[in-house]
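K.L.:
So that we are looking at the same thing, I have put the structure below in structure tokens.
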Amino acid sequence: MILIADSGSTKTDWRVITADGKIQQFKTPGINPYHQSKEEIIKLLQTHLLPQIDDTIEAINFYGAGCSVPSMVALLKGAISEVISNADVNIFHDLLGAARSLCGHQPGIACILGTGSNSCSYDGVDIVDNISSLGYILGDEGSGSWLGKRLINDYFGRDLPTTAKKLLEDKLEMNRAEILENVYKKPLAGKYLAGFSPIISDNISDPYFYNIVHEGFSLFFEKNIKKYKNFEKMPVHFTGSIAFYYSNILRQVASEQNVFVKNIAESPIAGLTLYHK
């Protein structure tokens with residue numbers, strides 16, 4: 001019995017591969033050791049995970065945001081081991097999960113465009129190069145948090161066209177004090193900013209909303225993909241909700257940048273299940 005997880009700040013996708021090869025699937029809230037204490041993660045697992053599994057899990061392969069730093073890996077491994085004590089727990093960075101899911105055992109460039117953004121060059125076994133992701137404050141171009149940040153900046157900077165401004169105000173209460181509190185005082189600010197993406201998606205036919213997505217993706221290509229050696233000769237793959245739901249614009253930008261985009265998946269979990277199965 002193998003338990004596989006793909007986790008971000010928003011949600012965690014889980015798959016169980018049973019001894020006879022059958023697949024079970026479910027979701028829990030997101031897990032990120034940068035934003036949650038060991039005690040909070042333990043409580044989340046006890047509340048949301050344990051009721052959905054039995055005690056025959058032998059191995060856990062957990063791919064997660066924030067799992068590139070040894071101290072964070074140790075924190076998360078300790079929390080999981082305390083809840084599921086008999087399993088062999090392996091913690092991997094979500095970027096390796098994206099690469100294994102999208103590329104399998106073939107070389108390629110694997111990218112994440114969801115709440116945040118990241119990318120790597122993968123040789124079919126390991127990540128061989130990575131343009132550092134600096135998170136929603138310093139980077140994350142093209143991500144959901146970047147789109148939300150851009151939209152808020154344009155609104156309060158009075159750069160929104162009249163039609164786009166009305167569309168936004170018809171759907172959301174743009175309260176400056178509330179926005180600043182959610183970004184600067186409350187946890188999971190990146191997730192909060194990415195929550196503005198649906199208003200963009202719902203109105204993507206409006207030139208303003210289309211153009212900010214196009215701009216975000218163009219920046220992602222310039223600052224990430226085009227920095228990798230031989231990028232023009234390698235297949236480029238994407239996973240994440242932003243890549244998936246704006247896939248037409250993503251492929252358009254790729255064509256303009258002379259980049260070959262192959263797979264676009266909403267989530268890495270299906271590919272990871274095949275990889276471990």
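Residues are referred to by chain and number: the chain letter is A, B, ... according to the order shown in the structure tokens, the number counts from 1 in that chain, and ligands are numbered separately from 1 in the order shown.
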Can you pull out the residues contacting A:Met174? Cut-off 9 Å, using only C-alpha atoms, and skip same-chain residues under 4 positions away; I want them as a list in words.
P.N.:
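So, after excluding close chain neighbours, the residues are Ile152, Tyr155, Phe156, Leu168, Glu169, Glu178 and Ile179 of chain A.
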K.L.:
Restricting the output to N, CA and C atoms, write the selected residues as a CSV table (one decimal), in the first residue's frame.
P.N.:
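As written to disk, result.csv reads:
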```csv
chain,number,residue,atom,x,y,z
A,152,ILE,N,-4.8,44.2,-8.4
A,152,ILE,CA,-5.0,45.1,-7.3
A,152,ILE,C,-4.2,46.4,-7.5
A,155,TYR,N,-5.9,48.6,-10.1
A,155,TYR,CA,-7.1,49.1,-9.6
A,155,TYR,C,-6.8,50.4,-8.7
A,156,PHE,N,-6.0,50.2,-7.7
A,156,PHE,CA,-5.7,51.3,-6.8
A,156,PHE,C,-4.8,52.4,-7.4
A,168,LEU,N,-14.9,44.5,-12.4
A,168,LEU,CA,-14.3,44.1,-11.1
A,168,LEU,C,-15.2,44.5,-10.0
A,169,GLU,N,-15.6,45.8,-10.0
A,169,GLU,CA,-16.4,46.3,-8.9
A,169,GLU,C,-17.8,45.6,-8.8
A,178,GLU,N,-9.1,46.1,3.9
A,178,GLU,CA,-9.2,44.7,4.0
A,178,GLU,C,-8.1,43.9,3.2
A,179,ILE,N,-7.9,44.5,2.0
A,179,ILE,CA,-6.8,43.9,1.1
A,179,ILE,C,-5.5,43.9,1.8
```
K.L.:
Using only C-alpha atoms, find each residue of stretch 42-109 of chain A with at least one atom at most 12 Å away from an atom of stretch 122-138 of chain A; report its shortest atom-to-atom pair and that distance in Å (one decimal), sort the rows by chain and rising residue number, and return the result as a tab-separated table.
P.N.:
```
residue	atom	partner	partner_atom	distance
A:Ala65	CA	A:Gly135	CA	10.9
A:Gly66	CA	A:Gly135	CA	10.4
A:Ser68	CA	A:Ser132	CA	11.1
A:Phe92	CA	A:Asp126	CA	11.7
A:His93	CA	A:Ile127	CA	10.5
A:Asp94	CA	A:Ile127	CA	11.6
A:Leu95	CA	A:Ile127	CA	8.5
A:Leu96	CA	A:Ile127	CA	6.8
A:Gly97	CA	A:Ile127	CA	10.3
A:Ala98	CA	A:Tyr122	CA	10.1
A:Ala99	CA	A:Tyr122	CA	6.6
A:Arg100	CA	A:Gly124	CA	7.9
A:Ser101	CA	A:Gly124	CA	10.9
A:Leu102	CA	A:Tyr122	CA	10.2
A:Cys103	CA	A:Gly124	CA	7.0
A:Gly104	CA	A:Gly124	CA	6.7
A:His105	CA	A:Gly124	CA	4.2
A:Gln106	CA	A:Gly124	CA	4.3
A:Pro107	CA	A:Asp123	CA	4.2
A:Gly108	CA	A:Tyr122	CA	5.4
A:Ile109	CA	A:Tyr122	CA	5.9
```
K.L.:
Would you compute the distance between atom CA of A:Leu76 and atom CA of A:Lys191? Give it in Å to one decimal.
P.N.:
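Result for atom CA of A:Leu76 versus atom CA of A:Lys191: 20.1 Å, one decimal.
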K.L.:
What is the distance, in Å and to one decimal place, between atom CA of A:Arg150 and atom CA of A:Tyr34?
P.N.:
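Separation between atom CA of A:Arg150 and atom CA of A:Tyr34: 24.0 Å.
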K.L.:
According to DSSP computed on the backbone, where in stretch 51-275 of chain A is there alpha helix (DSSP H)? Give the residues as a PyMOL selection string.
P.N.:
chain A and resi 70-83+94-103+135-138+144-156+162-171+176-184+189-194+197-202+207-223+241-245+247-256+269-275
K.L.:
Mind the document's chain letters and residue numbers, and return as a PyMOL selection string the residues of stretch 16-59 of chain A that DSSP labels strand (DSSP E).
P.N.:
chain A and resi 16-17+23-29+59
